>>> print(open('structure-v7.txt').read())   # compact mmCIF, C-alpha atoms
# COMPACT_ATOMS: atom_id res chain seq x y z
CA MET A 1 -7.73 0.22 -31.31
CA PRO A 2 -7.83 2.00 -27.92
CA ASP A 3 -8.61 5.62 -27.23
CA ASN A 4 -5.22 7.34 -27.02
CA ALA A 5 -6.73 10.10 -24.88
CA VAL A 6 -6.82 7.73 -21.91
CA ALA A 7 -4.56 9.27 -19.27
CA GLY A 8 -3.62 8.35 -15.72
CA SER A 9 -1.67 5.21 -14.82
CA TRP A 10 -2.06 1.48 -15.40
CA VAL A 11 -0.82 -0.62 -12.47
CA LEU A 12 -0.05 -4.30 -13.10
CA LEU A 13 -0.26 -6.74 -10.16
CA ARG A 14 0.93 -10.32 -10.54
CA GLY A 15 -0.10 -13.46 -8.73
CA LEU A 16 1.34 -15.70 -6.04
CA GLY A 17 5.08 -16.21 -6.37
CA ARG A 18 5.31 -14.15 -9.58
CA CYS A 19 7.09 -10.82 -9.97
CA ALA A 20 6.90 -7.89 -12.38
CA HIS A 21 9.32 -9.55 -14.82
CA HIS A 22 6.82 -12.38 -15.36
CA TRP A 23 4.62 -9.97 -17.34
CA GLY A 24 7.15 -10.35 -20.17
CA GLU A 25 6.48 -7.86 -22.97
CA PHE A 26 2.92 -7.14 -21.89
CA PRO A 27 3.68 -3.80 -20.14
CA GLN A 28 5.39 -2.50 -23.28
CA ARG A 29 2.47 -3.53 -25.46
CA LEU A 30 0.02 -1.91 -23.07
CA GLN A 31 2.08 1.29 -23.06
CA ALA A 32 2.15 1.34 -26.87
CA ASN A 33 -1.65 1.15 -26.92
CA TYR A 34 -2.05 3.97 -24.39
CA PRO A 35 0.81 6.44 -25.01
CA SER A 36 -0.90 9.17 -22.98
CA ALA A 37 -0.90 6.96 -19.89
CA ARG A 38 1.88 5.45 -17.77
CA VAL A 39 2.31 1.74 -17.07
CA HIS A 40 3.76 0.47 -13.77
CA ALA A 41 4.40 -3.24 -13.16
CA LEU A 42 4.95 -3.57 -9.41
CA ASP A 43 6.66 -6.20 -7.27
CA LEU A 44 4.97 -7.43 -4.12
CA PRO A 45 7.44 -7.38 -1.20
CA GLY A 46 9.14 -10.76 -1.14
CA LEU A 47 9.28 -11.03 -4.94
CA GLY A 48 11.38 -9.71 -7.81
CA GLU A 49 13.41 -6.62 -6.96
CA ARG A 50 11.96 -6.84 -3.43
CA CYS A 51 12.76 -10.52 -2.83
CA HIS A 52 14.83 -9.60 0.25
CA GLN A 53 11.75 -8.16 1.99
CA SER A 54 9.00 -9.96 3.87
CA SER A 55 5.74 -10.55 2.03
CA PRO A 56 2.53 -9.04 3.45
CA ALA A 57 0.54 -11.38 5.67
CA SER A 58 -2.82 -10.29 4.25
CA ILE A 59 -4.35 -8.92 1.07
CA ASP A 60 -5.11 -5.73 2.99
CA SER A 61 -1.41 -5.35 3.77
CA ALA A 62 -0.57 -6.01 0.11
CA VAL A 63 -2.76 -3.04 -0.85
CA ASP A 64 -0.82 -0.89 1.62
CA ALA A 65 2.52 -2.10 0.23
CA TYR A 66 1.59 -1.37 -3.38
CA ARG A 67 0.22 2.08 -2.53
CA ALA A 68 3.46 2.89 -0.71
CA GLN A 69 5.41 1.97 -3.84
CA LEU A 70 3.27 4.27 -5.97
CA ARG A 71 3.84 7.11 -3.53
CA GLU A 72 7.59 6.51 -3.81
CA LEU A 73 7.28 6.71 -7.60
CA GLY A 74 5.21 9.89 -7.42
CA VAL A 75 2.21 8.23 -9.05
CA SER A 76 -1.22 9.73 -8.35
CA ALA A 77 -4.76 8.75 -9.20
CA PRO A 78 -6.64 7.95 -11.37
CA LEU A 79 -5.38 4.38 -11.59
CA ARG A 80 -6.43 1.40 -13.68
CA LEU A 81 -5.50 -1.81 -11.88
CA VAL A 82 -4.84 -5.05 -13.76
CA GLY A 83 -4.71 -7.89 -11.24
CA LEU A 84 -3.90 -11.48 -12.24
CA SER A 85 -4.85 -14.26 -9.82
CA MET A 86 -3.81 -13.05 -6.34
CA GLY A 87 -3.29 -9.65 -7.94
CA GLY A 88 -7.02 -9.69 -8.67
CA MET A 89 -7.72 -10.13 -4.96
CA VAL A 90 -5.58 -7.07 -4.27
CA ALA A 91 -7.50 -5.13 -6.94
CA MET A 92 -10.86 -5.98 -5.34
CA GLN A 93 -9.62 -5.01 -1.87
CA TRP A 94 -8.15 -1.79 -3.23
CA LEU A 95 -11.45 -0.92 -4.88
CA GLN A 96 -13.25 -1.49 -1.59
CA ARG A 97 -10.89 0.70 0.45
CA TYR A 98 -10.03 3.45 -2.01
CA PRO A 99 -12.66 3.57 -4.78
CA GLN A 100 -11.87 7.24 -5.44
CA GLU A 101 -8.36 6.27 -6.62
CA LEU A 102 -9.47 3.84 -9.32
CA SER A 103 -10.96 4.33 -12.76
CA GLN A 104 -11.19 0.57 -13.30
CA ALA A 105 -10.10 -2.70 -11.74
CA PHE A 106 -9.53 -5.66 -14.07
CA VAL A 107 -9.67 -8.96 -12.16
CA ILE A 108 -8.20 -11.85 -14.17
CA ASN A 109 -8.46 -15.55 -13.24
CA SER A 110 -8.86 -14.79 -9.56
CA SER A 111 -10.83 -16.41 -6.72
CA ALA A 112 -12.24 -15.69 -3.27
CA GLY A 113 -13.12 -17.68 -0.20
CA GLY A 114 -16.75 -18.10 0.77
CA ILE A 115 -18.06 -17.99 -2.80
CA CYS A 116 -15.57 -20.44 -4.38
CA ARG A 117 -14.88 -24.02 -3.29
CA TRP A 118 -11.36 -24.65 -2.04
CA GLN A 119 -10.76 -27.27 -4.75
CA GLN A 120 -11.75 -24.70 -7.37
CA ARG A 121 -9.42 -22.00 -6.04
CA MET A 122 -6.44 -24.31 -6.62
CA ARG A 123 -7.11 -27.50 -8.55
CA PRO A 124 -5.86 -30.45 -6.42
CA ALA A 125 -3.91 -32.02 -9.31
CA ALA A 126 -2.14 -28.71 -9.94
CA LEU A 127 -1.32 -28.30 -6.25
CA ALA A 128 0.12 -31.82 -6.08
CA ARG A 129 2.32 -31.18 -9.11
CA LEU A 130 3.61 -27.87 -7.74
CA LEU A 131 4.40 -29.41 -4.35
CA ALA A 132 6.30 -32.26 -6.01
CA ALA A 133 8.41 -29.74 -7.96
CA SER A 134 8.88 -27.20 -5.18
CA LEU A 135 12.46 -28.17 -4.24
CA SER A 136 13.85 -27.72 -7.75
CA PRO A 137 13.62 -24.27 -9.38
CA ALA A 138 13.89 -25.78 -12.85
CA ARG A 139 11.16 -28.36 -12.23
CA ARG A 140 9.01 -25.73 -10.55
CA GLU A 141 9.19 -23.29 -13.47
CA HIS A 142 8.49 -26.06 -15.99
CA SER A 143 5.48 -27.12 -13.94
CA VAL A 144 4.22 -23.56 -13.61
CA PHE A 145 4.45 -23.06 -17.37
CA ASP A 146 2.66 -26.33 -18.13
CA LEU A 147 -0.10 -25.48 -15.63
CA THR A 148 -0.60 -21.84 -16.61
CA CYS A 149 0.18 -21.50 -20.33
CA ASN A 150 -1.68 -23.16 -23.21
CA ALA A 151 0.15 -21.38 -26.05
CA ARG A 152 3.32 -23.44 -26.49
CA ASP A 153 4.98 -21.73 -29.46
CA GLN A 154 7.25 -19.65 -27.19
CA ARG A 155 7.72 -22.26 -24.47
CA ASP A 156 11.53 -22.49 -24.61
CA ALA A 157 12.06 -18.71 -24.71
CA VAL A 158 9.61 -18.03 -21.89
CA LEU A 159 11.04 -20.78 -19.70
CA ALA A 160 14.56 -19.42 -20.23
CA GLN A 161 13.36 -16.02 -18.96
CA TRP A 162 11.55 -17.53 -15.99
CA LEU A 163 14.54 -19.67 -15.00
CA ASP A 164 16.75 -16.59 -15.15
CA ILE A 165 14.33 -14.77 -12.81
CA ALA A 166 14.32 -17.76 -10.44
CA ARG A 167 18.13 -17.74 -10.30
CA GLN A 168 18.56 -14.00 -9.84
CA GLN A 169 15.58 -13.23 -7.60
CA PRO A 170 14.59 -16.46 -5.84
CA PRO A 171 11.52 -16.19 -3.60
CA ARG A 172 11.99 -17.47 -0.08
CA THR A 173 9.80 -20.32 1.09
CA GLY A 174 8.57 -18.30 4.07
CA ASN A 175 7.38 -15.52 1.79
CA LEU A 176 5.55 -17.95 -0.48
CA LEU A 177 3.79 -19.43 2.55
CA ARG A 178 2.76 -15.95 3.71
CA GLN A 179 1.32 -15.22 0.27
CA ILE A 180 -0.52 -18.54 0.18
CA ASN A 181 -2.04 -17.85 3.59
CA ALA A 182 -3.04 -14.30 2.61
CA ALA A 183 -4.77 -15.58 -0.53
CA ARG A 184 -6.40 -18.45 1.36
CA ARG A 185 -8.02 -16.08 3.87
CA PHE A 186 -9.28 -13.59 1.29
CA THR A 187 -13.06 -13.18 0.97
CA PRO A 188 -14.85 -10.82 -1.44
CA PRO A 189 -15.16 -7.34 0.07
CA ALA A 190 -18.33 -5.27 -0.05
CA LEU A 191 -18.01 -2.96 -3.05
CA ALA A 192 -19.95 0.22 -3.70
CA ALA A 193 -18.27 0.98 -7.05
CA THR A 194 -18.95 -2.33 -8.81
CA ASP A 195 -19.29 -0.51 -12.14
CA LYS A 196 -15.49 -0.12 -12.10
CA LEU A 197 -14.98 -3.87 -11.87
CA VAL A 198 -14.18 -5.96 -14.98
CA ILE A 199 -14.05 -9.74 -14.49
CA VAL A 200 -11.98 -11.76 -16.99
CA ALA A 201 -11.33 -15.50 -17.08
CA SER A 202 -9.75 -18.22 -19.23
CA SER A 203 -11.75 -21.31 -20.17
CA GLY A 204 -8.58 -23.41 -20.31
CA ASP A 205 -7.26 -22.46 -16.86
CA ARG A 206 -5.76 -25.63 -15.32
CA LEU A 207 -4.61 -23.92 -12.13
CA VAL A 208 -7.73 -22.04 -10.95
CA ASN A 209 -11.14 -23.23 -12.08
CA PRO A 210 -12.84 -20.51 -14.18
CA ALA A 211 -15.94 -21.21 -12.09
CA CYS A 212 -14.25 -18.96 -9.51
CA SER A 213 -14.36 -15.98 -11.85
CA ALA A 214 -17.97 -16.83 -12.68
CA ALA A 215 -18.75 -16.81 -8.95
CA ILE A 216 -17.06 -13.42 -8.50
CA ALA A 217 -18.97 -12.00 -11.47
CA ALA A 218 -22.26 -13.33 -10.09
CA HIS A 219 -21.46 -12.03 -6.59
CA TYR A 220 -20.94 -8.49 -7.87
CA ARG A 221 -23.55 -8.78 -10.64
CA ARG A 222 -21.01 -8.05 -13.33
CA PRO A 223 -20.61 -9.70 -16.75
CA LEU A 224 -17.86 -12.29 -17.22
CA ARG A 225 -15.46 -11.92 -20.15
CA LEU A 226 -14.34 -15.47 -20.96
CA HIS A 227 -11.43 -16.39 -23.23
CA PRO A 228 -12.20 -19.58 -25.20
CA TRP A 229 -8.90 -21.48 -24.82
CA ALA A 230 -6.20 -19.61 -22.84
CA GLY A 231 -4.67 -20.82 -19.59
CA HIS A 232 -4.22 -19.11 -16.25
CA ASP A 233 -1.50 -16.79 -17.59
CA LEU A 234 -3.81 -15.04 -20.02
CA PRO A 235 -1.42 -12.09 -20.70
CA GLN A 236 1.18 -14.62 -21.86
CA ASP A 237 -1.18 -16.82 -23.87
CA ASP A 238 -3.18 -14.18 -25.75
CA PRO A 239 -2.14 -10.60 -25.00
CA ASP A 240 -4.00 -9.25 -28.04
CA TRP A 241 -7.32 -10.59 -26.79
CA LEU A 242 -6.74 -9.13 -23.32
CA LEU A 243 -5.77 -5.74 -24.74
CA GLN A 244 -9.00 -5.80 -26.74
CA GLN A 245 -10.98 -6.31 -23.52
CA PHE A 246 -9.28 -3.22 -22.12
CA ALA A 247 -10.17 -1.27 -25.24
CA ASP A 248 -13.79 -2.44 -25.10
CA THR A 249 -14.26 -1.25 -21.53
CA THR A 250 -11.92 1.74 -21.23
CA THR A 251 -12.97 5.32 -21.88
CA ALA A 252 -11.03 8.54 -21.69
CA THR A 253 -10.52 9.80 -18.15
CA PRO A 254 -12.59 12.94 -17.55
CA PRO A 255 -10.83 16.07 -16.31
CA CYS A 256 -10.19 15.89 -12.58
CA PRO A 257 -9.20 19.21 -10.98
CA GLU A 258 -8.25 17.57 -7.68
CA ARG A 259 -6.82 14.10 -8.21
CA PRO A 260 -6.69 12.20 -4.94
CA ALA A 261 -3.22 11.54 -3.58
CA LEU A 262 -2.31 7.98 -2.67
>>> encode(input="structure-v7.txt", output="structure tokens")
Amino acid sequence: MPDNAVAGSWVLLRGLGRCAHHWGEFPQRLQANYPSARVHALDLPGLGERCHQSSPASIDSAVDAYRAQLRELGVSAPLRLVGLSMGGMVAMQWLQRYPQELSQAFVINSSAGGICRWQQRMRPAALARLLAASLSPARREHSVFDLTCNARDQRDAVLAQWLDIARQQPPRTGNLLRQINAARRFTPPALAATDKLVIVASSGDRLVNPACSAAIAAHYRRPLRLHPWAGHDLPQDDPDWLLQQFADTTTATPPCPERPAL
């Protein structure tokens, strides 16, 4: 399916309140499709393995935090970013600040202030349900699954994994509020390298209205790749379809005698 000559690194960025473990088996499947590349699923400070740290107060600061992690890992450009939801905001900001580091930036089910209505960025009914379940980790994870996943055949297994994550690496309320505020204040940056941007959305997204992705695509004059039925967590609902979008838009990385350091 994909071109196995694709080199460099894929960097996976999750959304608000979600850590690297919430990608499930997707990183392994991506790695299998691109054996010449390397796949890195990163945790935002305040989440996952970094749950003891403070979350960045802005999307700009999130870019800095992720780049610092890649430096620690010895990862250099070129990078292909895959950003889901708030991770998509980070991908856009990264592309604006460091376009020379990126081969592509995939923005999945994301949103931005100024071009999207507030009630589209987080559907009011979804917000009310999440707030009602916020004090109980079990209720919260069940609500998140029901709001973000439309494929129910693996519901019990996925929820067991998510509940285990919530017990072992619980996010602190203060960090979640910082992430919410950072996402709320994000507006689409001016981009020179819009040809590197790939906008993907799910028609069945019950958390973020897919009209937000359409607005981002229109803002940057890029086509919108729209899944016909998946929910917000597209990598969970239909990983094969998403991997096909990567294959359709990814080409082998040309030789680069001086790869930029991060």
>>> atom_distance(input="structure-v7.txt", atom1="atom CA of A:Val200", atom2="atom CA of A:Ala215")
11.7 Å
>>> residues_around(input="structure-v7.txt", residues="stretch 92-109 of chain A", least_positions_apart="4", cutoff="6 Å", atoms="all atoms listed in the file", output="list in words")
Ala77, Pro78, Leu79, Arg80, Leu81, Val82, Gly83, Leu84, Ser85, Gly88, Leu191, Lys196, Leu197, Val198, Ile199, Val200 and Ala201 of chain A
>>> closest_atom_pairs(input="structure-v7.txt", of="stretch 126-194 of chain A", to="stretch 15-31 of chain A", cutoff="8 Å", atoms="only C-alpha atoms", output="tab-separated table")
residue	atom	partner	partner_atom	distance
A:Trp162	CA	A:His22	CA	7.0
A:Ile165	CA	A:His21	CA	7.5
A:Pro171	CA	A:Gly17	CA	7.0
A:Leu176	CA	A:Gly17	CA	6.2
A:Gln179	CA	A:Leu16	CA	6.3
A:Ile180	CA	A:Leu16	CA	7.1
>>> atom_distance(input="structure-v7.txt", atom1="atom CA of A:Thr187", atom2="atom CA of A:Ala112")
5.0 Å
>>> residues_around(input="structure-v7.txt", residues="A:Ala182", least_positions_apart="2", cutoff="12 Å", atoms="all atoms listed in the file", output="ChimeraX atom specification")
/A:15-16,55-63,86-87,89-90,112-113,175-180,184-187
>>> atom_distance(input="structure-v7.txt", atom1="atom CA of A:Ser111", atom2="atom CA of A:His219")
11.5 Å
>>> closest_residue(input="structure-v7.txt", among="A:Arg172, A:Tyr66, A:Asp164, A:Leu226", to="A:Ser213", atoms="all atoms listed in the file")
A:Leu226
>>> closest_residue(input="structure-v7.txt", among="A:Gln161, A:Asp195, A:Phe145, A:Thr249", to="A:Asp237", atoms="all atoms listed in the file")
A:Phe145
>>> closest_residue(input="structure-v7.txt", among="A:Ser110, A:Gly231, A:Ala37, A:Glu49", to="A:Val144", atoms="only C-alpha atoms")
A:Gly231
>>> closest_residue(input="structure-v7.txt", among="A:Gly8, A:Tyr220, A:Ala41, A:Ala166", to="A:Ala190", atoms="all atoms listed in the file")
A:Tyr220
>>> build_atoms(input="structure-v7.txt", residues="stretch 26-42 of chain A", atoms="N, CA, C and O atoms", output="compact mmCIF listing (two decimals), keeping the file's coordinate frame")
# COMPACT_ATOMS: atom_id res chain seq x y z
N PHE A 26 4.26 -7.70 -21.98
CA PHE A 26 2.92 -7.14 -21.89
C PHE A 26 2.91 -5.67 -21.47
O PHE A 26 2.15 -4.88 -22.05
N PRO A 27 3.70 -5.23 -20.49
CA PRO A 27 3.68 -3.80 -20.14
C PRO A 27 4.04 -2.89 -21.31
O PRO A 27 3.43 -1.83 -21.49
N GLN A 28 5.01 -3.31 -22.13
CA GLN A 28 5.39 -2.50 -23.28
C GLN A 28 4.27 -2.43 -24.32
O GLN A 28 4.02 -1.37 -24.92
N ARG A 29 3.58 -3.53 -24.51
CA ARG A 29 2.47 -3.53 -25.46
C ARG A 29 1.32 -2.68 -24.95
O ARG A 29 0.67 -1.96 -25.73
N LEU A 30 1.07 -2.74 -23.66
CA LEU A 30 0.02 -1.91 -23.07
C LEU A 30 0.38 -0.43 -23.21
O LEU A 30 -0.46 0.40 -23.57
N GLN A 31 1.63 -0.09 -22.93
CA GLN A 31 2.08 1.29 -23.06
C GLN A 31 1.94 1.80 -24.50
O GLN A 31 1.53 2.94 -24.73
N ALA A 32 2.26 0.95 -25.47
CA ALA A 32 2.15 1.34 -26.87
C ALA A 32 0.71 1.64 -27.25
O ALA A 32 0.43 2.51 -28.09
N ASN A 33 -0.24 0.94 -26.62
CA ASN A 33 -1.65 1.15 -26.92
C ASN A 33 -2.21 2.39 -26.24
O ASN A 33 -3.21 2.96 -26.70
N TYR A 34 -1.57 2.81 -25.13
CA TYR A 34 -2.05 3.97 -24.39
C TYR A 34 -0.88 4.93 -24.13
O TYR A 34 -0.42 5.08 -23.00
N PRO A 35 -0.38 5.59 -25.17
CA PRO A 35 0.81 6.44 -25.01
C PRO A 35 0.61 7.63 -24.10
O PRO A 35 1.58 8.19 -23.59
N SER A 36 -0.65 8.03 -23.88
CA SER A 36 -0.90 9.17 -22.98
C SER A 36 -0.89 8.77 -21.52
O SER A 36 -0.91 9.63 -20.64
N ALA A 37 -0.89 7.47 -21.26
CA ALA A 37 -0.90 6.96 -19.89
C ALA A 37 0.50 6.51 -19.49
O ALA A 37 1.44 6.56 -20.28
N ARG A 38 0.64 6.04 -18.26
CA ARG A 38 1.88 5.45 -17.77
C ARG A 38 1.57 4.05 -17.25
O ARG A 38 0.53 3.83 -16.63
N VAL A 39 2.50 3.13 -17.47
CA VAL A 39 2.31 1.74 -17.07
C VAL A 39 3.35 1.40 -16.00
O VAL A 39 4.55 1.62 -16.19
N HIS A 40 2.88 0.84 -14.88
CA HIS A 40 3.76 0.47 -13.77
C HIS A 40 3.50 -0.99 -13.40
O HIS A 40 2.41 -1.33 -12.93
N ALA A 41 4.48 -1.86 -13.61
CA ALA A 41 4.40 -3.24 -13.16
C ALA A 41 5.13 -3.33 -11.82
O ALA A 41 6.34 -3.09 -11.74
N LEU A 42 4.41 -3.64 -10.76
CA LEU A 42 4.95 -3.57 -9.41
C LEU A 42 5.29 -4.96 -8.87
O LEU A 42 4.66 -5.96 -9.22
